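**Student:** Quick one: the structure is below, and I'll ask about it shortly.
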Amino acid sequence: MVWDRPDIPSVWPPADEQLRGVFLGLLEDGSWGRYHGPHSDALRLELQSYHGVSQSVLCCSGTAAVELSLRAAGVGPGDEVVMCAYDFKANLMNVRTCGGMPVLVDTEPGRPVPDLELLKAAVTSRTKAILVSHLHGLMVPMRGLREFCDSRALVLIEDACQNPGAMVDGRRAGAWGDLGVLSFGGSKLLTAGRGGAILTSSRVLAQRIALYTQRGNEAYPLSEMQAAVVLPQLRQLDVRNRQRAAGVDILRSQLKEQRVLSLLSMEDVSQAVLEAGAVQGLLSVAAYYKVAFRVTDEFPAELRETIVSACEAAGIPLSPGFAALQTIHARSRYRSAGVLDQSAALGQRLLVLHHPVLLAGVDVVEGMGERLASVLRTITGAAG
């Protein structure tokens, strides 16, 4: 998507000299057109080292990675998968594709994070797996969930498609699950246009995936060309994530006086620590693919559409978040574990900011923050 205002960056991925060199090298050695080559092997090894896991499987998309993870977990007809009602639509569809029944639980109040106690309470004798997603720069508290899944012999699938490089309770996002999922989609922090990966330290689970995907050829392939362009981005990921976090700090500061939107972020991580690069020692550090803003309860949820329209006119890349899953699927396609009021409210009140602007430099981020604050002041005045 290209935004109207030239002063707010819209192009992703950006022009990059390292990537230019990769493409030239692919052209010169012909590896871009091979079924097998060095790039996929190199990417697998680097993903494993970066995340601290022993196995990785490359595939054609994050959506495919979730499906393959569910199949590796043994999800089939009659099995239930507990997940959050505020999540990416494809995750529910993947459970249905495998023949399973999604069991939806509500979020924490005002945050797109599943309520852990509700997740635990939703487990029955039919539960095969728990599927959780780290969304909009916020993280699921994985340590407690990991301990619970171990105590119940449940497979934990961790969707880190939005948060590659984030630290969650002292581990990389995607490394807590029995199976962790990454996406290399066109808008993602690591991008090859399409593609994904599955992380695991279980040879058994990795072998189950291989038995499903190997059919005389690779049924869900990531190409050599895609693997080659992801690798240098992975090596830049920590630096870019620190830049994005600095941009979020700027926006938080500039928007603190307005009453319309609440910026949802990991406020407990100081910028000084982020700049020092001391990532491994931190409990949790976010990665911002989308920055979440919530229309506060002081204002009606319907005001979100006014904000979106005003931001579009001002060249600010703010758009609605996900719809709550129970609001876009027939009741027969899921089971509800209790009321889902919080997720429904988030589906009406959340807005998200796409990440490229966060890398554009202090002046650009400050300028956009000032522009957004001005838009919100105007809306507040009009709302009385």
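Please note that chains go A, B, ... in the order of the structure tokens, that every chain numbers its residues from 1, and that ligands are numbered from 1 in the order shown.
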If you count only C-alpha atoms, which residues fall within 8 Å of A:Ala324, apart from same-chain ones fewer than 5 positions away, as a ChimeraX atom specification?

**Tutor:** /A:85-87,343-344,346-347

**Student:** Enumerate as a ChimeraX atom specification all residues of stretch 150-339 of chain A assigned to alpha helix (DSSP H) by DSSP on the backbone, naming them with the chain letters and numbers the document uses.

**Tutor:** /A:150-152,203-213,224-254,271-276,303-313

**Student:** Tell me, as JSON, numbers by chain, which residues lie within 12 Å of A:Gly177, counting only C-alpha atoms; anything in the same chain fewer than 3 positions away does not count.

**Tutor:** {"A": [51, 52, 53, 69, 73, 129, 130, 131, 132, 133, 134, 140, 141, 142, 143, 144, 145, 146, 147, 148, 149, 150, 154, 155, 156, 157, 158, 159, 160, 168, 171, 172, 173, 174, 180, 181, 198, 199, 200, 201, 202, 205]}

**Student:** Just checking: using only C-alpha atoms, which residue out of A:Ile209, A:Leu318, A:Leu182, A:Val260 ends up closest to A:Ala197?

**Tutor:**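 Closest to A:Ala197, using only C-alpha atoms: A:Leu182.
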
**Student:** Select from stretch 95-117 of chain A every residue with an atom at most 12 Å from any atom of stretch 285-301 of chain A, then for each give the shortest pair of atoms and their distance in Å to one decimal, using only C-alpha atoms, rows by chain and rising number, as a Markdown table.

**Tutor:**
| residue | atom | partner | partner_atom | distance |
| --- | --- | --- | --- | --- |
| A:Pro109 | CA | A:Arg294 | CA | 11.5 |
| A:Gly110 | CA | A:Arg294 | CA | 7.7 |
| A:Arg111 | CA | A:Arg294 | CA | 8.6 |
| A:Pro112 | CA | A:Ala292 | CA | 8.9 |
| A:Val113 | CA | A:Ala292 | CA | 11.8 |

**Student:** Got a sec to tell me which of stretch 239-350 of chain A DSSP assigns to strand (DSSP E), as a PyMOL selection string?

**Tutor:** chain A and resi 261-264+290-295+318-320+335-336+350

**Student:** Output C-alpha atoms for every residue in the selection just made, as a compact mmCIF listing (two decimals), in the first residue's frame.

**Tutor:**
# COMPACT_ATOMS: atom_id res chain seq x y z
CA LEU A 261 -6.40 6.87 21.99
CA SER A 262 -4.45 4.68 24.38
CA LEU A 263 -1.15 3.40 22.95
CA LEU A 264 -0.65 -0.24 23.94
CA LYS A 290 1.86 -3.17 14.15
CA VAL A 291 1.57 -0.64 16.97
CA ALA A 292 -1.82 -0.88 18.68
CA PHE A 293 -3.99 2.04 19.71
CA ARG A 294 -7.31 1.61 21.51
CA VAL A 295 -10.17 4.10 21.41
CA LEU A 318 -3.53 4.09 10.88
CA SER A 319 -6.08 1.36 10.14
CA PRO A 320 -8.53 -0.88 12.04
CA ARG A 335 -17.02 -23.25 20.42
CA SER A 336 -17.13 -20.35 22.82
CA LEU A 350 -8.36 -1.17 18.11

**Student:** From the list A:His36, A:Arg152, A:Lys120, A:Arg71, which residue is nearest A:Val103 when using only C-alpha atoms?

**Tutor:**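 Residue with the minimum atom-to-atom distance to A:Val103: A:Lys120.
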
**Student:** Measuring atom to atom with only C-alpha atoms, identify which of A:Ile250, A:Ala323, A:Leu119, A:Val352 is nearest to A:Gly338.

**Tutor:**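 Ranked by minimum distance to A:Gly338, first place goes to A:Leu119.
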
**Student:** Of the candidates A:Ser54, A:Ser49, A:Thr63, A:Thr378, which shows the shortest atom-to-atom distance to A:Asn94, using only C-alpha atoms?

**Tutor:**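 Smallest separation from A:Asn94 among the options: A:Thr63.
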
**Student:** For A:Gln207, which of A:Val11, A:Leu24, A:Leu68, A:Leu376 is the closest residue, counting only C-alpha atoms?

**Tutor:**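 When distances to A:Gln207 are compared using only C-alpha atoms, the smallest one comes from A:Leu68.
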
**Student:** To one decimal place in Å, what is the distance between atom CA of A:Glu28 and atom CA of A:Arg194?

**Tutor:** 23.0 Å

**Student:** Do a neighbour search on A:Ala313 at 12 Å with only C-alpha atoms, toss out local chain neighbours closer than 2 positions, and write the hits as a PyMOL selection string.

**Tutor:** chain A and resi 3-5+306-311+315-318+371-372+375

**Student:** For each of A:Pro164, A:Gly30, A:Pro221, A:Gly247, take the minimum atom-to-atom distance to A:Gln233, counting only C-alpha atoms, then give the residue where this is smallest.

**Tutor:**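 Of A:Pro164, A:Gly30, A:Pro221, A:Gly247, the one nearest A:Gln233 is A:Pro164, counting only C-alpha atoms.
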
**Student:** If you measure from atom CA of A:Gly381 to atom CA of A:Gln254, what distance in Å do you get, rounded to one decimal?

**Tutor:**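 For atom CA of A:Gly381 relative to atom CA of A:Gln254, the distance reads 18.2 Å.
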
**Student:** Please list as a ChimeraX atom specification every residue within 12 Å of A:Ala210, counting only C-alpha atoms and excluding residues in the same chain fewer than 4 positions away.

**Tutor:** /A:55-59,68-69,71-72,198,203-206,214-221

**Student:** Can you tell me which residues surround stretch 183-191 of chain A at a distance of at most 6 Å, considering only C-alpha atoms, apart from same-chain residues fewer than 4 positions away, and format the answer as a ChimeraX atom specification?

**Tutor:** /A:61-62,161,195-196
